[in-house]
file work34.csv (CSV, C-alpha atoms)
chain,number,residue,atom,x,y,z
A,75,MET,CA,-81.0,-147.0,256.4
A,76,VAL,CA,-78.1,-144.7,255.7
A,77,HIS,CA,-75.5,-144.8,258.4
A,78,PRO,CA,-75.1,-141.3,260.1
A,79,PRO,CA,-71.4,-141.2,259.7
A,80,ARG,CA,-71.9,-142.0,256.0
A,81,ILE,CA,-74.3,-139.0,255.7
A,82,MET,CA,-71.6,-136.8,257.4
A,83,SER,CA,-68.9,-138.0,255.1
A,84,THR,CA,-71.1,-137.5,252.0
A,85,ILE,CA,-71.8,-133.9,253.2
A,86,ALA,CA,-68.1,-133.4,253.8
A,87,ALA,CA,-67.3,-134.7,250.3
A,88,LEU,CA,-69.9,-132.4,248.8
A,89,VAL,CA,-68.6,-129.4,250.7
A,90,LEU,CA,-65.1,-130.2,249.6
A,91,ALA,CA,-66.2,-130.7,246.0
A,92,VAL,CA,-68.0,-127.3,245.9
A,93,SER,CA,-65.0,-125.6,247.5
A,94,VAL,CA,-62.7,-127.1,245.0
A,95,VAL,CA,-65.0,-126.1,242.1
A,96,LEU,CA,-65.8,-122.6,243.3
A,97,PRO,CA,-62.8,-120.3,243.9
A,98,PRO,CA,-63.1,-118.2,247.1
A,99,ALA,CA,-64.8,-114.8,246.5
A,100,ALA,CA,-62.2,-112.2,245.4
A,101,ALA,CA,-61.3,-109.7,248.1
A,102,PRO,CA,-62.3,-106.1,247.3
A,103,VAL,CA,-59.5,-103.9,246.0
A,104,PRO,CA,-58.2,-102.0,249.0
A,105,ALA,CA,-59.7,-98.5,249.3
A,106,PRO,CA,-57.1,-95.6,249.4
A,107,ALA,CA,-57.3,-94.0,252.9
A,108,GLY,CA,-55.3,-91.5,254.9
A,109,ALA,CA,-55.0,-91.7,258.7
A,110,GLU,CA,-58.2,-89.7,259.2
A,111,ALA,CA,-60.2,-92.1,257.1
A,112,ILE,CA,-58.8,-95.0,259.0
A,113,LEU,CA,-59.7,-93.4,262.3
A,114,ALA,CA,-63.2,-92.6,261.0
A,115,GLU,CA,-63.5,-96.4,260.3
A,116,VAL,CA,-62.4,-97.1,263.9
A,117,ARG,CA,-65.0,-94.7,265.2
A,118,LYS,CA,-67.9,-95.9,263.1
A,119,PRO,CA,-70.6,-96.9,265.5
A,120,GLY,CA,-71.4,-100.6,266.2
A,121,ALA,CA,-68.1,-102.0,267.3
A,122,GLY,CA,-67.2,-103.2,270.8
A,123,ALA,CA,-63.5,-103.0,270.0
A,124,VAL,CA,-61.5,-102.4,266.8
A,125,LEU,CA,-58.2,-103.8,265.7
A,126,VAL,CA,-56.3,-101.9,263.1
A,127,ASN,CA,-53.4,-103.8,261.4
A,128,VAL,CA,-50.9,-102.1,259.2
A,129,TRP,CA,-49.2,-104.6,256.8
A,130,ALA,CA,-47.7,-105.2,253.4
A,131,THR,CA,-47.6,-108.2,251.0
A,132,TRP,CA,-43.8,-108.3,251.0
A,133,CYS,CA,-43.6,-108.1,254.9
A,134,SER,CA,-42.9,-111.6,256.1
A,135,PRO,CA,-44.0,-111.1,259.8
A,136,CYS,CA,-47.1,-109.4,258.5
A,137,ARG,CA,-48.0,-112.4,256.3
A,138,GLU,CA,-47.2,-114.8,259.2
A,139,GLU,CA,-49.5,-112.9,261.5
A,140,PHE,CA,-52.3,-112.5,259.1
A,141,PRO,CA,-54.1,-115.8,259.6
A,142,ASP,CA,-54.0,-115.3,263.4
A,143,LEU,CA,-55.5,-111.9,263.1
A,144,LEU,CA,-58.3,-113.1,260.8
A,145,HIS,CA,-58.9,-116.1,263.1
A,146,VAL,CA,-59.4,-113.8,266.1
A,147,ALA,CA,-61.5,-111.4,264.0
A,148,ARG,CA,-63.8,-114.2,262.9
A,149,GLU,CA,-64.1,-115.6,266.4
A,150,LEU,CA,-64.8,-112.3,268.1
A,151,ALA,CA,-66.8,-110.6,265.4
A,152,PRO,CA,-70.1,-111.9,267.0
A,153,LYS,CA,-68.9,-110.1,270.2
A,154,GLY,CA,-68.4,-106.8,268.3
A,155,LEU,CA,-64.7,-107.0,267.2
A,156,ARG,CA,-64.0,-105.1,264.0
A,157,LEU,CA,-60.9,-105.6,262.0
A,158,VAL,CA,-59.5,-102.8,259.9
A,159,LEU,CA,-56.7,-103.9,257.5
A,160,VAL,CA,-54.4,-101.2,256.1
A,161,SER,CA,-51.8,-102.2,253.5
A,162,VAL,CA,-48.8,-100.0,253.0
A,163,ASP,CA,-48.0,-101.7,249.7
A,164,PHE,CA,-46.7,-99.3,247.0
A,165,ALA,CA,-48.7,-97.9,244.2
A,166,GLY,CA,-49.1,-100.5,241.4
A,167,ALA,CA,-49.2,-103.4,243.8
A,168,GLU,CA,-53.1,-103.5,243.9
A,169,ALA,CA,-53.4,-106.8,242.1
A,170,GLU,CA,-50.8,-108.5,244.3
A,171,THR,CA,-52.5,-107.1,247.5
A,172,THR,CA,-55.9,-108.2,246.4
A,173,ARG,CA,-54.6,-111.6,245.5
A,174,PHE,CA,-53.0,-112.0,248.9
A,175,LEU,CA,-56.2,-110.8,250.7
A,176,THR,CA,-58.3,-113.3,248.6
A,177,SER,CA,-55.9,-116.1,249.5
A,178,GLN,CA,-56.6,-115.3,253.1
A,179,GLY,CA,-60.3,-115.4,252.6
A,180,VAL,CA,-60.8,-111.6,253.2
A,181,ASP,CA,-64.2,-110.7,251.8
A,182,PHE,CA,-64.6,-107.3,253.5
A,183,ARG,CA,-63.5,-103.8,252.7
A,184,THR,CA,-59.8,-103.1,253.4
A,185,PHE,CA,-57.6,-100.1,252.9
A,186,VAL,CA,-54.3,-99.0,251.4
A,187,ARG,CA,-52.7,-95.9,252.9
A,188,THR,CA,-52.3,-92.7,250.9
A,189,GLY,CA,-50.2,-89.6,251.6
A,190,LYS,CA,-46.8,-89.1,253.1
A,191,ASP,CA,-45.4,-91.4,255.7
A,192,GLU,CA,-45.1,-88.9,258.5
A,193,ALA,CA,-48.7,-87.6,258.2
A,194,PHE,CA,-49.9,-91.1,258.1
A,195,VAL,CA,-47.9,-92.4,261.1
A,196,ASP,CA,-48.5,-89.5,263.4
A,197,GLY,CA,-52.1,-89.1,262.2
A,198,LEU,CA,-52.8,-92.6,263.2
A,199,GLU,CA,-50.8,-92.7,266.4
A,200,PRO,CA,-47.9,-90.5,267.5
A,201,GLN,CA,-46.5,-93.3,269.6
A,202,TRP,CA,-46.0,-95.5,266.5
A,203,SER,CA,-42.4,-95.4,265.2
A,204,GLY,CA,-43.6,-96.3,261.6
A,205,ALA,CA,-42.3,-99.9,261.8
A,206,ILE,CA,-44.6,-102.6,260.4
A,207,PRO,CA,-46.4,-104.8,261.2
A,208,ALA,CA,-48.1,-102.5,263.6
A,209,THR,CA,-51.4,-103.3,265.3
A,210,PHE,CA,-53.6,-100.8,267.2
A,211,LEU,CA,-56.4,-101.9,269.5
A,212,TYR,CA,-59.3,-99.4,270.3
A,213,ASP,CA,-62.1,-99.8,272.7
A,214,ALA,CA,-65.8,-99.2,271.9
A,215,ASN,CA,-65.3,-95.4,272.3
A,216,GLY,CA,-62.6,-95.4,269.7
A,217,LYS,CA,-59.9,-94.8,272.4
A,218,LEU,CA,-56.6,-96.5,271.8
A,219,VAL,CA,-56.1,-99.1,274.6
A,220,ARG,CA,-53.0,-100.9,273.3
A,221,PHE,CA,-50.6,-100.9,270.3
A,222,TRP,CA,-47.7,-103.1,269.3
A,223,GLU,CA,-45.1,-103.2,266.6
A,224,GLY,CA,-44.1,-106.6,265.3
A,225,LYS,CA,-46.2,-109.7,265.0
A,226,ALA,CA,-48.2,-111.2,267.8
A,227,SER,CA,-49.5,-114.8,268.1
A,228,TYR,CA,-53.1,-115.9,268.0
A,229,PRO,CA,-53.5,-116.3,271.8
A,230,VAL,CA,-51.9,-113.0,272.5
A,231,ILE,CA,-54.1,-111.1,269.9
A,232,LYS,CA,-57.2,-112.9,271.2
A,233,LYS,CA,-56.5,-112.2,274.8
A,234,ARG,CA,-55.9,-108.5,274.1
A,235,ALA,CA,-59.0,-108.1,271.9
A,236,GLN,CA,-61.1,-110.0,274.4
A,237,LYS,CA,-59.9,-107.6,277.2
A,238,ALA,CA,-60.8,-104.6,275.1
A,239,LEU,CA,-64.2,-106.0,274.3
A,240,ASP,CA,-64.9,-106.8,278.0
A,241,THR,CA,-64.1,-103.3,279.2
A,242,LYS,CA,-66.7,-101.5,277.1
A,243,GLU,CA,-70.2,-101.9,275.9
A,244,ILE,CA,-71.0,-101.9,272.2
A,245,ARG,CA,-71.8,-98.4,271.0
B,143,MET,CA,-13.1,-98.5,293.8
B,144,THR,CA,-15.2,-97.0,296.5
B,145,ARG,CA,-18.3,-98.6,297.9
B,146,LYS,CA,-20.4,-95.9,296.4
B,147,SER,CA,-19.1,-96.5,292.9
B,148,LEU,CA,-19.6,-100.2,293.3
B,149,LEU,CA,-23.2,-99.5,294.2
B,150,ALA,CA,-23.5,-97.3,291.1
B,151,ILE,CA,-22.8,-100.2,288.8
B,152,PRO,CA,-26.0,-102.1,289.3
B,153,VAL,CA,-27.9,-98.9,289.4
B,154,LEU,CA,-26.5,-97.8,286.1
B,155,PHE,CA,-26.9,-101.2,284.6
B,156,GLY,CA,-30.4,-101.3,285.9
B,157,PHE,CA,-31.1,-98.0,284.3
B,158,ALA,CA,-29.7,-99.1,281.0
B,159,ALA,CA,-31.7,-102.3,281.1
B,160,PHE,CA,-34.8,-100.3,282.0
B,161,ALA,CA,-34.2,-97.9,279.1
B,162,ALA,CA,-33.8,-100.7,276.7
B,163,LEU,CA,-37.0,-102.4,277.9
B,164,ALA,CA,-39.0,-99.2,278.1
B,165,GLY,CA,-38.1,-98.7,274.4
B,166,GLY,CA,-38.1,-95.3,272.8
B,167,ALA,CA,-35.5,-93.9,270.6
B,168,LEU,CA,-32.3,-92.2,271.7
B,169,PRO,CA,-33.3,-88.7,272.7
B,170,ILE,CA,-32.0,-85.6,270.9
B,171,GLY,CA,-28.8,-84.5,272.7
B,172,ALA,CA,-27.7,-88.1,273.6
B,173,THR,CA,-24.3,-89.4,272.8
B,174,ILE,CA,-23.4,-92.5,270.7
B,175,PRO,CA,-24.3,-95.6,272.8
B,176,MET,CA,-22.3,-98.8,272.8
B,177,ALA,CA,-19.5,-97.1,270.8
B,178,ASP,CA,-17.0,-99.9,271.8
B,179,VAL,CA,-19.0,-102.8,270.4
B,180,LYS,CA,-17.2,-104.5,267.6
B,181,MET,CA,-19.1,-105.0,264.3
B,182,LYS,CA,-18.0,-107.0,261.3
B,183,ASN,CA,-17.7,-104.7,258.2
B,184,VAL,CA,-18.3,-105.9,254.7
B,185,ASP,CA,-14.5,-105.7,254.1
B,186,GLY,CA,-14.1,-108.5,256.7
B,187,LYS,CA,-12.5,-106.2,259.3
B,188,GLU,CA,-14.0,-105.3,262.6
B,189,LEU,CA,-14.9,-101.8,263.7
B,190,ASP,CA,-16.8,-100.0,266.4
B,191,LEU,CA,-18.6,-96.7,266.4
B,192,ALA,CA,-15.8,-95.0,268.3
B,193,GLU,CA,-13.7,-95.6,265.1
B,194,VAL,CA,-16.5,-94.4,262.8
B,195,LYS,CA,-16.9,-91.2,264.9
B,196,LYS,CA,-15.3,-88.1,263.3
B,197,PRO,CA,-14.7,-84.6,264.6
B,198,ALA,CA,-17.0,-83.1,262.0
B,199,GLY,CA,-20.0,-85.3,262.9
B,200,THR,CA,-21.2,-88.9,262.7
B,201,LEU,CA,-24.0,-90.6,260.7
B,202,VAL,CA,-25.4,-94.0,261.7
B,203,VAL,CA,-28.0,-95.5,259.4
B,204,PHE,CA,-29.8,-98.7,260.3
B,205,THR,CA,-30.7,-100.4,257.1
B,206,CYS,CA,-30.8,-103.8,255.5
B,207,ASN,CA,-30.8,-105.7,252.2
B,208,HIS,CA,-34.3,-107.2,252.1
B,209,CYS,CA,-36.7,-104.4,253.0
B,210,PRO,CA,-38.5,-102.6,250.2
B,211,PHE,CA,-38.4,-99.4,252.1
B,212,ALA,CA,-34.6,-99.7,252.6
B,213,LYS,CA,-34.2,-100.5,248.9
B,214,MET,CA,-36.4,-97.5,248.0
B,215,TRP,CA,-34.0,-95.2,249.8
B,216,GLU,CA,-30.9,-97.1,249.2
B,217,SER,CA,-29.4,-95.1,246.4
B,218,ARG,CA,-30.1,-91.9,248.4
B,219,ILE,CA,-28.4,-93.4,251.5
B,220,VAL,CA,-25.4,-94.4,249.4
B,221,GLU,CA,-25.2,-91.0,247.7
B,222,LEU,CA,-25.5,-89.1,251.0
B,223,GLY,CA,-23.1,-91.4,252.7
B,224,ASN,CA,-20.5,-91.1,250.0
B,225,THR,CA,-20.9,-87.4,249.7
B,226,TYR,CA,-20.7,-86.5,253.3
B,227,ALA,CA,-18.0,-89.1,254.2
B,228,ALA,CA,-15.9,-87.3,251.6
B,229,LYS,CA,-16.7,-84.0,253.5
B,230,GLY,CA,-15.4,-85.4,256.7
B,231,ILE,CA,-18.5,-86.9,258.4
B,232,GLY,CA,-18.1,-90.4,259.9
B,233,VAL,CA,-20.6,-92.6,258.2
B,234,VAL,CA,-21.7,-96.2,258.9
B,235,ALA,CA,-24.6,-98.3,257.7
B,236,ILE,CA,-25.6,-101.0,260.1
B,237,ASN,CA,-27.7,-104.1,259.5
B,238,ALA,CA,-29.2,-105.4,262.8
B,239,ASN,CA,-31.6,-107.9,261.2
B,240,ASP,CA,-31.4,-111.6,262.1
B,241,PRO,CA,-30.5,-113.3,258.8
B,242,LYS,CA,-32.3,-116.5,260.1
B,243,VAL,CA,-35.5,-114.5,259.8
B,244,ALA,CA,-34.6,-112.4,256.8
B,245,THR,CA,-32.3,-114.6,254.7
B,246,ASP,CA,-31.4,-111.8,252.3
B,247,ASP,CA,-29.8,-110.0,255.2
B,248,SER,CA,-26.9,-112.4,255.3
B,249,PHE,CA,-23.3,-111.1,255.4
B,250,ASP,CA,-22.6,-112.3,251.8
B,251,VAL,CA,-25.6,-110.4,250.5
B,252,MET,CA,-24.4,-107.3,252.4
B,253,GLN,CA,-21.0,-107.6,250.8
B,254,GLN,CA,-22.6,-107.9,247.4
B,255,ARG,CA,-24.9,-104.9,247.9
B,256,ALA,CA,-22.1,-102.7,249.3
B,257,LYS,CA,-20.1,-103.5,246.2
B,258,GLU,CA,-23.0,-103.1,243.7
B,259,ARG,CA,-24.1,-99.9,245.1
B,260,GLY,CA,-20.6,-98.4,245.5
B,261,MET,CA,-20.8,-97.7,249.2
B,262,ARG,CA,-17.6,-95.9,250.2
B,263,PHE,CA,-18.3,-96.2,253.9
B,264,PRO,CA,-18.7,-99.3,256.1
B,265,TYR,CA,-21.7,-101.5,256.1
B,266,ALA,CA,-21.5,-103.5,259.3
B,267,VAL,CA,-23.3,-106.3,261.2
B,268,ASP,CA,-25.0,-105.6,264.6
B,269,ALA,CA,-24.5,-109.3,265.5
B,270,THR,CA,-26.7,-109.2,268.6
B,271,SER,CA,-29.1,-106.5,267.4
B,272,ASN,CA,-28.2,-104.8,270.7
B,273,LEU,CA,-26.8,-101.7,269.0
B,274,ALA,CA,-30.2,-101.2,267.4
B,275,ARG,CA,-31.8,-101.7,270.8
B,276,ALA,CA,-29.5,-99.2,272.4
B,277,PHE,CA,-30.3,-96.6,269.7
B,278,GLY,CA,-34.0,-97.5,270.0
B,279,ALA,CA,-34.1,-98.1,266.3
B,280,THR,CA,-37.2,-100.0,265.3
B,281,LYS,CA,-37.1,-100.1,261.5
B,282,THR,CA,-35.2,-99.8,258.3
B,283,PRO,CA,-34.1,-97.3,257.1
B,284,GLU,CA,-33.6,-95.2,260.2
B,285,ALA,CA,-30.9,-92.5,260.5
B,286,PHE,CA,-29.1,-91.0,263.6
B,287,LEU,CA,-26.9,-88.0,263.1
B,288,PHE,CA,-24.5,-86.8,265.7
B,289,ASP,CA,-22.8,-83.3,265.6
B,290,LYS,CA,-19.3,-82.2,266.3
B,291,GLU,CA,-19.8,-82.5,270.0
B,292,GLY,CA,-21.0,-86.1,269.5
B,293,LYS,CA,-24.6,-85.2,270.4
B,294,LEU,CA,-27.6,-86.6,268.6
B,295,VAL,CA,-29.1,-83.7,266.5
B,296,TYR,CA,-31.2,-85.6,264.0
B,297,HIS,CA,-33.2,-88.9,264.1
B,298,GLY,CA,-35.5,-90.3,261.6
B,299,ALA,CA,-36.2,-90.5,257.9
B,300,ILE,CA,-33.9,-90.0,255.0
B,301,ASP,CA,-36.4,-87.6,253.4
B,302,ASP,CA,-40.2,-87.2,253.1
B,303,ASN,CA,-40.9,-89.3,249.9
B,304,GLY,CA,-39.5,-92.8,249.6
B,305,GLN,CA,-41.5,-93.8,246.6
B,306,GLU,CA,-41.0,-90.7,244.4
B,307,PRO,CA,-37.5,-89.2,244.8
B,308,SER,CA,-38.4,-86.4,242.3
B,309,LYS,CA,-41.2,-85.3,244.6
B,310,VAL,CA,-39.1,-84.9,247.8
B,311,GLU,CA,-40.1,-81.7,249.5
B,312,ASN,CA,-38.0,-82.1,252.7
B,313,ALA,CA,-34.6,-83.7,252.4
B,314,TYR,CA,-34.4,-84.0,256.2
B,315,LEU,CA,-31.1,-85.9,256.5
B,316,LYS,CA,-29.3,-83.8,253.9
B,317,LEU,CA,-30.5,-80.6,255.6
B,318,ALA,CA,-29.3,-81.9,258.9
B,319,LEU,CA,-25.9,-83.0,257.5
B,320,GLU,CA,-25.4,-79.5,256.0
B,321,ALA,CA,-26.3,-77.9,259.3
B,322,VAL,CA,-23.8,-80.2,261.2
B,323,LEU,CA,-21.0,-79.4,258.7
B,324,ASN,CA,-21.7,-75.7,258.7
B,325,GLY,CA,-22.4,-75.4,262.4
B,326,GLY,CA,-26.0,-74.3,261.9
B,327,ASP,CA,-29.1,-75.5,263.7
B,328,VAL,CA,-30.7,-78.7,262.4
B,329,PRO,CA,-34.1,-77.5,261.1
B,330,VAL,CA,-36.1,-80.6,261.8
B,331,LYS,CA,-34.7,-82.8,264.5
B,332,GLU,CA,-37.1,-85.8,264.5
B,333,THR,CA,-39.1,-87.3,261.7
B,334,LYS,CA,-40.8,-90.6,260.9
B,335,SER,CA,-41.2,-92.8,257.9
B,336,ILE,CA,-42.8,-96.2,257.5
B,337,GLY,CA,-40.3,-99.0,257.5
B,338,CYS,CA,-39.7,-102.7,258.0
B,339,GLY,CA,-39.6,-103.6,261.6
B,340,ILE,CA,-36.1,-104.7,262.6
B,341,LYS,CA,-35.9,-108.5,262.9
B,342,PHE,CA,-34.2,-108.4,266.3
B,343,ARG,CA,-32.1,-111.4,267.3
B,344,SER,CA,-33.6,-113.0,270.5

call {"tool": "encode", "arguments": {"input": "work34.csv", "output": "structure tokens"}}
result
Amino acid sequence: MVHPPRIMSTIAALVLAVSVVLPPAAAPVPAPAGAEAILAEVRKPGAGAVLVNVWATWCSPCREEFPDLLHVARELAPKGLRLVLVSVDFAGAEAETTRFLTSQGVDFRTFVRTGKDEAFVDGLEPQWSGAIPATFLYDANGKLVRFWEGKASYPVIKKRAQKALDTKEIR
Amino acid sequence: MTRKSLLAIPVLFGFAAFAALAGGALPIGATIPMADVKMKNVDGKELDLAEVKKPAGTLVVFTCNHCPFAKMWESRIVELGNTYAAKGIGVVAINANDPKVATDDSFDVMQQRAKERGMRFPYAVDATSNLARAFGATKTPEAFLFDKEGKLVYHGAIDDNGQEPSKVENAYLKLALEAVLNGGDVPVKETKSIGCGIKFRS
């Protein structure tokens, strides 16, 4: 008889072996988008709340916040949370952006902003000063319920996202 | 001091604290805040905004060494600063970032950058980040221009195209500087650009 813990450790070893052999799926190259396209993504039906995060590969607080954002997004996705990632990396940085997203395990469509700064900033949210990282939280109706500049921690992001999810029903 | 004026102190202090907490940038028409706070300049000497202030007008630019957006506009900031300092505008670049968070924003690197870029105006340290807080500056680069009366007449971006200087359509800060020098109206008073969030000292 095989001892249960041994089965577990065998499975764990297999999982580890496979994960070592197979590289993580490459993240899709971010799609160019202006503020309107990002807001259209926010208002797409089906979400109970939407987090929009504006970041860049060279922005250290953005990179530090990234795993926490993804952690919250993965945990709350079953409850209807949608994460929309918008890079403000410069033209020509697509490979680096995609490499970073891949390293973070992002396997969904993300965006890179296009157009002039002011149109993008004010088009997305007039209260936003333009500083990154910036995170915008919308309810199920696509209404902005909260936004913050600078990084937030996992418990803070989770609490805020949970609150936005709790207040509205899924569209 | 009268009892009334004594009472006014906590009220005023409370208002300042509230304004700082509530955030929001210095409104158009405001005067230079915290003009007596000493900052260390790259030449090793101390200066405050009262010393920077000139009768023709005063330009304060929050910038830094590490941020790609600040770097993108850096040569334009230096060119504008040098040109308009020579025309009588008081000019200062201020770095409010905590170098513990952004190591490239150390004083040594500031000295190096000022020299390399040929800045002919002070590049000083906001050692508590409180000046940036008082201005309501949130990112780098971010410009504040005060007119002859010392009133804020322009706040925001250097121009409308960081990435491609040849494609700038609105050189906002330059237009504002010209207006201040010539006594005209600043055409666009508030603009925005995307920038690196200031790494405020706690």

call {"tool": "atom_distance", "arguments": {"input": "work34.csv", "atom1": "CA of Ile336 (chain B)", "atom2": "CA of Val310 (chain B)"}}
result
15.3 Å

call {"tool": "interface_residues", "arguments": {"input": "work34.csv", "of": "chain A", "to": "chain B", "cutoff": "12 Å", "atoms": "all atoms listed in the file", "output": "PyMOL selection string"}}
result
chain A and resi 128-136+138+161-166+187-197+199-208+222-225

call {"tool": "residues_near_point", "arguments": {"input": "work34.csv", "point": "(-18.9, -98.4, 248.9)", "cutoff": "12 Å", "atoms": "all atoms listed in the file", "output": "PyMOL selection string"}}
result
chain B and resi 183-185+217+219-225+227-228+233-235+252-266

call {"tool": "atom_distance", "arguments": {"input": "work34.csv", "atom1": "CA of Tyr212 (chain A)", "atom2": "CA of Ala123 (chain A)"}}
result
5.5 Å

call {"tool": "closest_residue", "arguments": {"input": "work34.csv", "among": "A:Lys217, A:His145, A:Lys232, A:Arg156", "to": "Gly179 (chain A)", "atoms": "all atoms listed in the file"}}
result
A:His145

call {"tool": "atom_distance", "arguments": {"input": "work34.csv", "atom1": "CA of Ala177 (chain B)", "atom2": "CA of Leu191 (chain B)"}}
result
4.5 Å

call {"tool": "residues_around", "arguments": {"input": "work34.csv", "residues": "Asn239 (chain B)", "least_positions_apart": "4", "cutoff": "9 Å", "atoms": "all atoms listed in the file", "output": "MDAnalysis selection string"}}
result
chainID B and resid 205:206 243:244 247:248 267:271 340:343

call {"tool": "write_last_selection", "arguments": {"input": "work34.csv", "atoms": "C-alpha atoms", "output": "PDB file, keeping the file's coordinate frame"}}
result
ATOM      1  CA  THR B 205     -30.700-100.400 257.100  1.00  0.00           C
ATOM      2  CA  CYS B 206     -30.800-103.800 255.500  1.00  0.00           C
ATOM      3  CA  VAL B 243     -35.500-114.500 259.800  1.00  0.00           C
ATOM      4  CA  ALA B 244     -34.600-112.400 256.800  1.00  0.00           C
ATOM      5  CA  ASP B 247     -29.800-110.000 255.200  1.00  0.00           C
ATOM      6  CA  SER B 248     -26.900-112.400 255.300  1.00  0.00           C
ATOM      7  CA  VAL B 267     -23.300-106.300 261.200  1.00  0.00           C
ATOM      8  CA  ASP B 268     -25.000-105.600 264.600  1.00  0.00           C
ATOM      9  CA  ALA B 269     -24.500-109.300 265.500  1.00  0.00           C
ATOM     10  CA  THR B 270     -26.700-109.200 268.600  1.00  0.00           C
ATOM     11  CA  SER B 271     -29.100-106.500 267.400  1.00  0.00           C
ATOM     12  CA  ILE B 340     -36.100-104.700 262.600  1.00  0.00           C
ATOM     13  CA  LYS B 341     -35.900-108.500 262.900  1.00  0.00           C
ATOM     14  CA  PHE B 342     -34.200-108.400 266.300  1.00  0.00           C
ATOM     15  CA  ARG B 343     -32.100-111.400 267.300  1.00  0.00           C
TER      16      ARG B 343
END

call {"tool": "closest_residue", "arguments": {"input": "work34.csv", "among": "B:Ile231, B:Val322, B:Ala238, B:Ala274", "to": "Lys293 (chain B)", "atoms": "all atoms listed in the file"}}
result
B:Val322

call {"tool": "residues_around", "arguments": {"input": "work34.csv", "residues": "Asp181 (chain A)", "least_positions_apart": "5", "cutoff": "9 Å", "atoms": "all atoms listed in the file", "output": "number ranges by chain"}}
result
A: 98-102, 175-176

call {"tool": "closest_residue", "arguments": {"input": "work34.csv", "among": "B:Asp190, B:Asp250, B:Glu311, B:Glu291", "to": "Ile236 (chain B)", "atoms": "only C-alpha atoms"}}
result
B:Asp190

call {"tool": "closest_residue", "arguments": {"input": "work34.csv", "among": "A:Arg148, A:Ala238, A:Leu157, A:Leu218", "to": "Asn127 (chain A)", "atoms": "all atoms listed in the file"}}
result
A:Leu157

call {"tool": "closest_residue", "arguments": {"input": "work34.csv", "among": "A:Leu150, A:Ile231, A:Ala226, A:Ile112", "to": "Arg183 (chain A)", "atoms": "only C-alpha atoms"}}
result
A:Ile112
